[in-house]
Amino acid sequence: MTADLPVAAGFERVAIPNADVFYLPRLELRRSDAELLRRLVAEVPWRAETVMMWGRPIRQPRLTAWFGDPGSDYTYSGLQLAPIPWTALLRDIKTRVEEATGWSFNSVLVNYYRDHRDSIGYHSDDEPELGERPRIASLSLGAARTFVMKPKTPAADPVRLRLGSGSLLLMAGETQKHWRHGVPKENQACGPRINLTFRTIVR
Ligand SMILES: O=C(O)CCC(=O)C(=O)O
């Protein structure tokens, strides 16, 4: 077993070259997905952030919030985020994710896709503050959406994963070095989805 394998049974390795990606279809949580979705929609101080892309300011097509331990500041696409202190609910979810993975996290980016028109563009989670081999645990709640991974070189085909409610996707090792990922808009209408990507800011 390498240090990049999650501890819990039930994770399947997704067969992707030059990447450590694991998928758990169902993480047992202490509350129903519907309750978590409802409470997070209501309780999180959502922001529609503007980021710099291709030298232009672009309003992100989703809402986000950044929570974490004091000092876990994060900068991406020209956006500087100081963490909001953990709420009891988010701390509880973090503990479950840590128990399942055996990994520890000090921050989470929470993404709110209000409907099928919201999305996240292709990117790598490779900012220096995430360290050399970032470990990311991504919990999905609500409508199923397609998570697409594209290789940075044409050596492999894109990979599409349908992320259902309650699923946990892990990325570790060299994944961010060799792959981009994103969640495109859907053609068919769908309900809201919240995704929590737990991360570790290293200093
Ligand atoms: O919503 C998702 O599944 C992906 C979120 C993501 O890529 C990110 O937060 O960096």
# chains A, B, ... in the order shown; residues from 1 in each chain; ligands from 1
call {"tool": "residues_around", "arguments": {"residues": "A:Tyr76", "least_positions_apart": "3", "cutoff": "9 Å", "atoms": "only C-alpha atoms", "output": "number ranges by chain"}}
result
A: 51, 79-81, 125, 127
call {"tool": "residues_near_ligand", "arguments": {"ligand": "ligand 1", "cutoff": "7 Å", "atoms": "only C-alpha atoms and all ligand atoms", "output": "list in words"}}
result
Leu109, Asn111, Ile120, Asp125, Ser138, Ser140, Phe147, His181, Gly182, Val183, Asn195 and Thr197 of chain A
call {"tool": "write_last_selection", "arguments": {"atoms": "C-alpha atoms", "output": "compact mmCIF listing (two decimals), in the first residue's frame"}}
result
# COMPACT_ATOMS: atom_id res chain seq x y z
CA LEU A 109 -13.77 24.87 -1.29
CA ASN A 111 -19.07 24.86 -4.91
CA ILE A 120 -16.47 24.80 -13.49
CA ASP A 125 -5.60 22.05 -8.47
CA SER A 138 -14.44 15.76 -3.35
CA SER A 140 -20.94 15.53 -4.04
CA PHE A 147 -16.82 15.24 -13.93
CA HIS A 181 -10.62 18.47 -14.62
CA GLY A 182 -13.92 20.30 -14.89
CA VAL A 183 -17.70 19.98 -14.63
CA ASN A 195 -19.56 19.82 -4.13
CA THR A 197 -13.44 19.72 -2.22
call {"tool": "select_by_dssp", "arguments": {"residues": "stretch 9-164 of chain A", "states": "alpha helix (DSSP H)", "output": "PyMOL selection string"}}
result
chain A and resi 33-43+88-101
call {"tool": "write_last_selection", "arguments": {"atoms": "N, CA, C and O atoms", "output": "short mmCIF file (atom, residue, chain, number, x, y, z; two decimals), in the first residue's frame"}}
result
data_model
loop_
_atom_site.label_atom_id
_atom_site.label_comp_id
_atom_site.auth_asym_id
_atom_site.auth_seq_id
_atom_site.Cartn_x
_atom_site.Cartn_y
_atom_site.Cartn_z
N ASP A 33 -28.59 13.23 2.54
CA ASP A 33 -28.05 14.16 1.53
C ASP A 33 -28.97 15.37 1.38
O ASP A 33 -28.52 16.50 1.23
N ALA A 34 -30.30 15.10 1.42
CA ALA A 34 -31.27 16.20 1.22
C ALA A 34 -31.13 17.23 2.34
O ALA A 34 -31.17 18.44 2.09
N GLU A 35 -30.97 16.76 3.58
CA GLU A 35 -30.82 17.70 4.70
C GLU A 35 -29.51 18.48 4.57
O GLU A 35 -29.47 19.70 4.77
N LEU A 36 -28.44 17.78 4.21
CA LEU A 36 -27.15 18.48 4.07
C LEU A 36 -27.22 19.54 2.97
O LEU A 36 -26.76 20.67 3.16
N LEU A 37 -27.83 19.17 1.86
CA LEU A 37 -27.95 20.11 0.74
C LEU A 37 -28.74 21.35 1.18
O LEU A 37 -28.33 22.49 0.96
N ARG A 38 -29.88 21.09 1.81
CA ARG A 38 -30.75 22.19 2.23
C ARG A 38 -30.02 23.10 3.21
O ARG A 38 -30.04 24.32 3.09
N ARG A 39 -29.35 22.50 4.19
CA ARG A 39 -28.68 23.32 5.21
C ARG A 39 -27.51 24.10 4.63
O ARG A 39 -27.28 25.25 4.97
N LEU A 40 -26.74 23.45 3.74
CA LEU A 40 -25.60 24.16 3.16
C LEU A 40 -26.06 25.31 2.27
O LEU A 40 -25.50 26.40 2.33
N VAL A 41 -27.11 25.07 1.48
CA VAL A 41 -27.63 26.17 0.63
C VAL A 41 -28.01 27.35 1.52
O VAL A 41 -27.72 28.51 1.21
N ALA A 42 -28.64 27.05 2.67
CA ALA A 42 -29.15 28.12 3.53
C ALA A 42 -28.04 28.77 4.37
O ALA A 42 -28.08 29.98 4.62
N GLU A 43 -27.04 27.99 4.81
CA GLU A 43 -26.11 28.48 5.83
C GLU A 43 -24.81 29.05 5.29
O GLU A 43 -24.15 29.84 5.97
N ALA A 88 -20.06 24.02 12.50
CA ALA A 88 -20.19 22.69 13.10
C ALA A 88 -20.52 21.65 12.03
O ALA A 88 -19.99 20.53 12.02
N LEU A 89 -21.39 22.04 11.11
CA LEU A 89 -21.82 21.10 10.06
C LEU A 89 -20.65 20.71 9.15
O LEU A 89 -20.43 19.52 8.86
N LEU A 90 -19.87 21.69 8.74
CA LEU A 90 -18.75 21.39 7.83
C LEU A 90 -17.66 20.60 8.55
O LEU A 90 -17.03 19.72 7.98
N ARG A 91 -17.46 20.89 9.84
CA ARG A 91 -16.46 20.14 10.61
C ARG A 91 -16.87 18.67 10.72
O ARG A 91 -16.06 17.76 10.61
N ASP A 92 -18.17 18.46 10.91
CA ASP A 92 -18.71 17.12 11.01
C ASP A 92 -18.49 16.34 9.70
O ASP A 92 -18.05 15.19 9.70
N ILE A 93 -18.77 17.01 8.58
CA ILE A 93 -18.57 16.34 7.28
C ILE A 93 -17.08 16.07 7.07
O ILE A 93 -16.68 14.99 6.62
N LYS A 94 -16.25 17.04 7.42
CA LYS A 94 -14.79 16.86 7.28
C LYS A 94 -14.31 15.63 8.06
O LYS A 94 -13.53 14.83 7.56
N THR A 95 -14.82 15.48 9.28
CA THR A 95 -14.41 14.34 10.10
C THR A 95 -14.76 13.02 9.41
O THR A 95 -13.96 12.08 9.38
N ARG A 96 -15.95 12.95 8.81
CA ARG A 96 -16.36 11.71 8.12
C ARG A 96 -15.44 11.42 6.94
O ARG A 96 -15.06 10.28 6.69
N VAL A 97 -15.10 12.49 6.21
CA VAL A 97 -14.22 12.33 5.03
C VAL A 97 -12.83 11.89 5.50
O VAL A 97 -12.20 11.01 4.90
N GLU A 98 -12.36 12.45 6.60
CA GLU A 98 -11.04 12.07 7.12
C GLU A 98 -11.04 10.62 7.62
O GLU A 98 -10.07 9.88 7.40
N GLU A 99 -12.13 10.21 8.25
CA GLU A 99 -12.21 8.82 8.72
C GLU A 99 -12.17 7.85 7.54
O GLU A 99 -11.54 6.81 7.59
N ALA A 100 -12.87 8.21 6.48
CA ALA A 100 -12.96 7.31 5.32
C ALA A 100 -11.66 7.23 4.54
O ALA A 100 -11.35 6.19 3.95
N THR A 101 -10.93 8.33 4.51
CA THR A 101 -9.73 8.37 3.68
C THR A 101 -8.46 8.08 4.47
O THR A 101 -7.46 7.63 3.89
#
call {"tool": "residues_around", "arguments": {"residues": "stretch 156-166 of chain A", "least_positions_apart": "4", "cutoff": "6 Å", "atoms": "only C-alpha atoms", "output": "list in words"}}
result
Arg26, Leu27, Ser140, Leu141, Gly142, Ala144, Arg145, Thr146, Phe147, Val148, Met149 and Lys150 of chain A
call {"tool": "write_last_selection", "arguments": {"atoms": "all heavy atoms", "output": "CSV table (one decimal), in the first residue's frame"}}
result
chain,number,residue,atom,x,y,z
A,26,ARG,N,-20.7,5.8,-2.3
A,26,ARG,CA,-21.6,6.2,-1.2
A,26,ARG,C,-20.7,6.3,0.1
A,26,ARG,O,-20.3,5.3,0.6
A,26,ARG,CB,-22.7,5.2,-1.0
A,26,ARG,CG,-23.6,5.4,0.1
A,26,ARG,CD,-24.7,6.4,-0.3
A,26,ARG,NE,-24.7,7.5,0.7
A,26,ARG,CZ,-25.4,8.6,0.5
A,26,ARG,NH1,-26.1,8.8,-0.6
A,26,ARG,NH2,-25.3,9.5,1.4
A,27,LEU,N,-20.6,7.6,0.6
A,27,LEU,CA,-20.0,7.8,1.9
A,27,LEU,C,-21.1,7.9,2.9
A,27,LEU,O,-22.1,8.6,2.7
A,27,LEU,CB,-19.2,9.1,1.9
A,27,LEU,CG,-18.6,9.5,3.2
A,27,LEU,CD1,-17.4,8.6,3.6
A,27,LEU,CD2,-18.1,11.0,3.2
A,140,SER,N,-19.8,15.0,-3.3
A,140,SER,CA,-20.9,15.5,-4.0
A,140,SER,C,-22.3,15.3,-3.4
A,140,SER,O,-22.5,14.2,-2.8
A,140,SER,CB,-21.0,14.9,-5.4
A,140,SER,OG,-19.8,15.2,-6.2
A,141,LEU,N,-23.1,16.3,-3.4
A,141,LEU,CA,-24.5,16.2,-2.8
A,141,LEU,C,-25.5,16.8,-3.8
A,141,LEU,O,-25.2,17.9,-4.3
A,141,LEU,CB,-24.6,17.0,-1.5
A,141,LEU,CG,-23.7,16.6,-0.4
A,141,LEU,CD1,-23.6,17.6,0.7
A,141,LEU,CD2,-24.2,15.2,0.2
A,142,GLY,N,-26.6,16.1,-4.0
A,142,GLY,CA,-27.6,16.7,-4.9
A,142,GLY,C,-27.6,16.0,-6.3
A,142,GLY,O,-27.2,14.8,-6.5
A,144,ALA,N,-26.8,14.6,-9.9
A,144,ALA,CA,-25.6,14.0,-10.5
A,144,ALA,C,-25.1,14.9,-11.6
A,144,ALA,O,-25.8,15.4,-12.4
A,144,ALA,CB,-25.9,12.6,-11.0
A,145,ARG,N,-23.8,15.0,-11.6
A,145,ARG,CA,-23.1,15.8,-12.7
A,145,ARG,C,-21.9,15.0,-13.2
A,145,ARG,O,-21.4,14.2,-12.5
A,145,ARG,CB,-22.7,17.2,-12.2
A,145,ARG,CG,-23.8,18.1,-11.7
A,145,ARG,CD,-24.6,18.6,-12.9
A,145,ARG,NE,-23.8,19.5,-13.8
A,145,ARG,CZ,-23.9,20.8,-13.8
A,145,ARG,NH1,-24.7,21.5,-13.0
A,145,ARG,NH2,-23.2,21.5,-14.7
A,146,THR,N,-21.5,15.4,-14.4
A,146,THR,CA,-20.4,14.7,-15.1
A,146,THR,C,-19.1,15.4,-14.8
A,146,THR,O,-19.0,16.6,-15.1
A,146,THR,CB,-20.6,14.5,-16.6
A,146,THR,OG1,-21.8,13.8,-16.7
A,146,THR,CG2,-19.5,13.7,-17.2
A,147,PHE,N,-18.2,14.7,-14.2
A,147,PHE,CA,-16.8,15.2,-13.9
A,147,PHE,C,-15.9,14.7,-15.0
A,147,PHE,O,-15.8,13.5,-15.3
A,147,PHE,CB,-16.4,14.7,-12.6
A,147,PHE,CG,-15.1,15.1,-12.1
A,147,PHE,CD1,-14.9,16.3,-11.3
A,147,PHE,CD2,-14.0,14.3,-12.2
A,147,PHE,CE1,-13.7,16.7,-10.8
A,147,PHE,CE2,-12.7,14.7,-11.7
A,147,PHE,CZ,-12.6,15.8,-11.0
A,148,VAL,N,-15.3,15.6,-15.8
A,148,VAL,CA,-14.5,15.2,-16.9
A,148,VAL,C,-13.0,15.5,-16.6
A,148,VAL,O,-12.6,16.6,-16.1
A,148,VAL,CB,-14.9,16.0,-18.2
A,148,VAL,CG1,-14.1,15.5,-19.4
A,148,VAL,CG2,-16.4,15.9,-18.4
A,149,MET,N,-12.2,14.5,-16.9
A,149,MET,CA,-10.7,14.7,-16.7
A,149,MET,C,-10.1,14.6,-18.1
A,149,MET,O,-10.4,13.7,-18.9
A,149,MET,CB,-10.1,13.6,-15.8
A,149,MET,CG,-10.7,13.7,-14.4
A,149,MET,SD,-9.9,12.5,-13.3
A,149,MET,CE,-8.3,13.1,-13.2
A,150,LYS,N,-9.2,15.6,-18.4
A,150,LYS,CA,-8.5,15.7,-19.7
A,150,LYS,C,-7.0,15.7,-19.5
A,150,LYS,O,-6.5,16.5,-18.6
A,150,LYS,CB,-8.9,17.0,-20.4
A,150,LYS,CG,-10.4,17.0,-20.9
A,150,LYS,CD,-10.6,18.2,-21.7
A,150,LYS,CE,-12.0,18.2,-22.3
A,150,LYS,NZ,-12.3,19.4,-23.2
call {"tool": "atom_distance", "arguments": {"atom1": "atom CA of A:Pro134", "atom2": "atom CA of A:Gly78"}}
result
19.7 Å
call {"tool": "decode", "arguments": {"residues": "stretch 108-136 of chain A", "atoms": "N, CA, C and O atoms", "output": "PDB file, in the first residue's frame"}}
result
ATOM      1  N   VAL A 108     -11.640  23.653   2.833  1.00  0.00           N
ATOM      2  CA  VAL A 108     -12.572  23.099   1.847  1.00  0.00           C
ATOM      3  C   VAL A 108     -13.088  24.233   0.951  1.00  0.00           C
ATOM      4  O   VAL A 108     -13.439  25.309   1.439  1.00  0.00           O
ATOM      5  N   LEU A 109     -13.086  23.973  -0.348  1.00  0.00           N
ATOM      6  CA  LEU A 109     -13.767  24.869  -1.287  1.00  0.00           C
ATOM      7  C   LEU A 109     -15.140  24.267  -1.540  1.00  0.00           C
ATOM      8  O   LEU A 109     -15.248  23.111  -1.954  1.00  0.00           O
ATOM      9  N   VAL A 110     -16.178  25.044  -1.241  1.00  0.00           N
ATOM     10  CA  VAL A 110     -17.539  24.559  -1.432  1.00  0.00           C
ATOM     11  C   VAL A 110     -18.092  25.217  -2.696  1.00  0.00           C
ATOM     12  O   VAL A 110     -18.067  26.444  -2.822  1.00  0.00           O
ATOM     13  N   ASN A 111     -18.537  24.386  -3.627  1.00  0.00           N
ATOM     14  CA  ASN A 111     -19.068  24.857  -4.911  1.00  0.00           C
ATOM     15  C   ASN A 111     -20.559  24.568  -4.964  1.00  0.00           C
ATOM     16  O   ASN A 111     -20.982  23.444  -4.665  1.00  0.00           O
ATOM     17  N   TYR A 112     -21.322  25.567  -5.381  1.00  0.00           N
ATOM     18  CA  TYR A 112     -22.782  25.416  -5.478  1.00  0.00           C
ATOM     19  C   TYR A 112     -23.197  25.617  -6.937  1.00  0.00           C
ATOM     20  O   TYR A 112     -23.085  26.719  -7.477  1.00  0.00           O
ATOM     21  N   TYR A 113     -23.631  24.517  -7.563  1.00  0.00           N
ATOM     22  CA  TYR A 113     -24.113  24.542  -8.940  1.00  0.00           C
ATOM     23  C   TYR A 113     -25.641  24.623  -8.846  1.00  0.00           C
ATOM     24  O   TYR A 113     -26.299  23.642  -8.491  1.00  0.00           O
ATOM     25  N   ARG A 114     -26.176  25.814  -9.137  1.00  0.00           N
ATOM     26  CA  ARG A 114     -27.598  26.038  -8.872  1.00  0.00           C
ATOM     27  C   ARG A 114     -28.496  25.219  -9.782  1.00  0.00           C
ATOM     28  O   ARG A 114     -29.566  24.787  -9.393  1.00  0.00           O
ATOM     29  N   ASP A 115     -28.056  25.010 -11.015  1.00  0.00           N
ATOM     30  CA  ASP A 115     -28.784  24.164 -11.962  1.00  0.00           C
ATOM     31  C   ASP A 115     -27.814  23.738 -13.063  1.00  0.00           C
ATOM     32  O   ASP A 115     -26.593  23.946 -12.928  1.00  0.00           O
ATOM     33  N   HIS A 116     -28.372  23.192 -14.146  1.00  0.00           N
ATOM     34  CA  HIS A 116     -27.533  22.618 -15.199  1.00  0.00           C
ATOM     35  C   HIS A 116     -26.673  23.653 -15.918  1.00  0.00           C
ATOM     36  O   HIS A 116     -25.729  23.296 -16.616  1.00  0.00           O
ATOM     37  N   ARG A 117     -26.977  24.961 -15.735  1.00  0.00           N
ATOM     38  CA  ARG A 117     -26.200  25.986 -16.439  1.00  0.00           C
ATOM     39  C   ARG A 117     -24.929  26.359 -15.697  1.00  0.00           C
ATOM     40  O   ARG A 117     -24.056  27.016 -16.244  1.00  0.00           O
ATOM     41  N   ASP A 118     -24.828  25.963 -14.420  1.00  0.00           N
ATOM     42  CA  ASP A 118     -23.608  26.270 -13.674  1.00  0.00           C
ATOM     43  C   ASP A 118     -22.544  25.220 -13.983  1.00  0.00           C
ATOM     44  O   ASP A 118     -22.858  24.064 -14.302  1.00  0.00           O
ATOM     45  N   SER A 119     -21.280  25.628 -13.847  1.00  0.00           N
ATOM     46  CA  SER A 119     -20.182  24.753 -14.274  1.00  0.00           C
ATOM     47  C   SER A 119     -18.880  25.196 -13.622  1.00  0.00           C
ATOM     48  O   SER A 119     -18.824  26.249 -12.971  1.00  0.00           O
ATOM     49  N   ILE A 120     -17.844  24.375 -13.830  1.00  0.00           N
ATOM     50  CA  ILE A 120     -16.474  24.803 -13.491  1.00  0.00           C
ATOM     51  C   ILE A 120     -15.594  24.426 -14.680  1.00  0.00           C
ATOM     52  O   ILE A 120     -15.709  23.315 -15.216  1.00  0.00           O
ATOM     53  N   GLY A 121     -14.776  25.372 -15.129  1.00  0.00           N
ATOM     54  CA  GLY A 121     -13.934  25.151 -16.305  1.00  0.00           C
ATOM     55  C   GLY A 121     -12.779  24.204 -16.001  1.00  0.00           C
ATOM     56  O   GLY A 121     -12.498  23.880 -14.842  1.00  0.00           O
ATOM     57  N   TYR A 122     -12.090  23.801 -17.064  1.00  0.00           N
ATOM     58  CA  TYR A 122     -10.984  22.845 -16.894  1.00  0.00           C
ATOM     59  C   TYR A 122      -9.796  23.528 -16.229  1.00  0.00           C
ATOM     60  O   TYR A 122      -9.386  24.610 -16.624  1.00  0.00           O
ATOM     61  N   HIS A 123      -9.281  22.875 -15.221  1.00  0.00           N
ATOM     62  CA  HIS A 123      -8.175  23.423 -14.441  1.00  0.00           C
ATOM     63  C   HIS A 123      -7.488  22.286 -13.695  1.00  0.00           C
ATOM     64  O   HIS A 123      -8.034  21.177 -13.612  1.00  0.00           O
ATOM     65  N   SER A 124      -6.318  22.565 -13.139  1.00  0.00           N
ATOM     66  CA  SER A 124      -5.673  21.634 -12.210  1.00  0.00           C
ATOM     67  C   SER A 124      -5.606  22.311 -10.856  1.00  0.00           C
ATOM     68  O   SER A 124      -5.411  23.533 -10.791  1.00  0.00           O
ATOM     69  N   ASP A 125      -5.754  21.520  -9.824  1.00  0.00           N
ATOM     70  CA  ASP A 125      -5.596  22.055  -8.468  1.00  0.00           C
ATOM     71  C   ASP A 125      -4.109  21.942  -8.126  1.00  0.00           C
ATOM     72  O   ASP A 125      -3.698  21.049  -7.375  1.00  0.00           O
ATOM     73  N   ASP A 126      -3.318  22.838  -8.723  1.00  0.00           N
ATOM     74  CA  ASP A 126      -1.862  22.697  -8.609  1.00  0.00           C
ATOM     75  C   ASP A 126      -1.205  23.970  -8.076  1.00  0.00           C
ATOM     76  O   ASP A 126      -0.041  24.246  -8.377  1.00  0.00           O
ATOM     77  N   GLU A 127      -1.951  24.752  -7.307  1.00  0.00           N
ATOM     78  CA  GLU A 127      -1.362  25.957  -6.731  1.00  0.00           C
ATOM     79  C   GLU A 127      -0.272  25.547  -5.730  1.00  0.00           C
ATOM     80  O   GLU A 127      -0.398  24.507  -5.068  1.00  0.00           O
ATOM     81  N   PRO A 128       0.801  26.372  -5.628  1.00  0.00           N
ATOM     82  CA  PRO A 128       1.923  25.983  -4.760  1.00  0.00           C
ATOM     83  C   PRO A 128       1.493  25.678  -3.330  1.00  0.00           C
ATOM     84  O   PRO A 128       2.066  24.786  -2.682  1.00  0.00           O
ATOM     85  N   GLU A 129       0.483  26.377  -2.818  1.00  0.00           N
ATOM     86  CA  GLU A 129       0.110  26.156  -1.412  1.00  0.00           C
ATOM     87  C   GLU A 129      -0.549  24.797  -1.178  1.00  0.00           C
ATOM     88  O   GLU A 129      -0.794  24.404  -0.043  1.00  0.00           O
ATOM     89  N   LEU A 130      -0.859  24.052  -2.265  1.00  0.00           N
ATOM     90  CA  LEU A 130      -1.413  22.696  -2.096  1.00  0.00           C
ATOM     91  C   LEU A 130      -0.302  21.644  -2.050  1.00  0.00           C
ATOM     92  O   LEU A 130      -0.587  20.453  -1.882  1.00  0.00           O
ATOM     93  N   GLY A 131       0.957  22.078  -2.220  1.00  0.00           N
ATOM     94  CA  GLY A 131       2.079  21.148  -2.135  1.00  0.00           C
ATOM     95  C   GLY A 131       2.327  20.433  -3.454  1.00  0.00           C
ATOM     96  O   GLY A 131       1.644  20.634  -4.445  1.00  0.00           O
ATOM     97  N   GLU A 132       3.342  19.541  -3.435  1.00  0.00           N
ATOM     98  CA  GLU A 132       3.807  18.850  -4.641  1.00  0.00           C
ATOM     99  C   GLU A 132       2.813  17.812  -5.158  1.00  0.00           C
ATOM    100  O   GLU A 132       2.670  17.601  -6.337  1.00  0.00           O
ATOM    101  N   ARG A 133       2.190  17.113  -4.233  1.00  0.00           N
ATOM    102  CA  ARG A 133       1.289  16.006  -4.593  1.00  0.00           C
ATOM    103  C   ARG A 133      -0.029  16.199  -3.840  1.00  0.00           C
ATOM    104  O   ARG A 133      -0.303  15.512  -2.856  1.00  0.00           O
ATOM    105  N   PRO A 134      -0.855  17.152  -4.322  1.00  0.00           N
ATOM    106  CA  PRO A 134      -2.057  17.487  -3.536  1.00  0.00           C
ATOM    107  C   PRO A 134      -3.000  16.295  -3.368  1.00  0.00           C
ATOM    108  O   PRO A 134      -3.220  15.534  -4.305  1.00  0.00           O
ATOM    109  N   ARG A 135      -3.530  16.175  -2.157  1.00  0.00           N
ATOM    110  CA  ARG A 135      -4.576  15.191  -1.878  1.00  0.00           C
ATOM    111  C   ARG A 135      -5.889  15.950  -1.773  1.00  0.00           C
ATOM    112  O   ARG A 135      -6.021  16.835  -0.924  1.00  0.00           O
ATOM    113  N   ILE A 136      -6.835  15.560  -2.606  1.00  0.00           N
ATOM    114  CA  ILE A 136      -8.115  16.259  -2.646  1.00  0.00           C
ATOM    115  C   ILE A 136      -9.232  15.243  -2.520  1.00  0.00           C
ATOM    116  O   ILE A 136      -9.210  14.196  -3.185  1.00  0.00           O
TER     117      ILE A 136
END
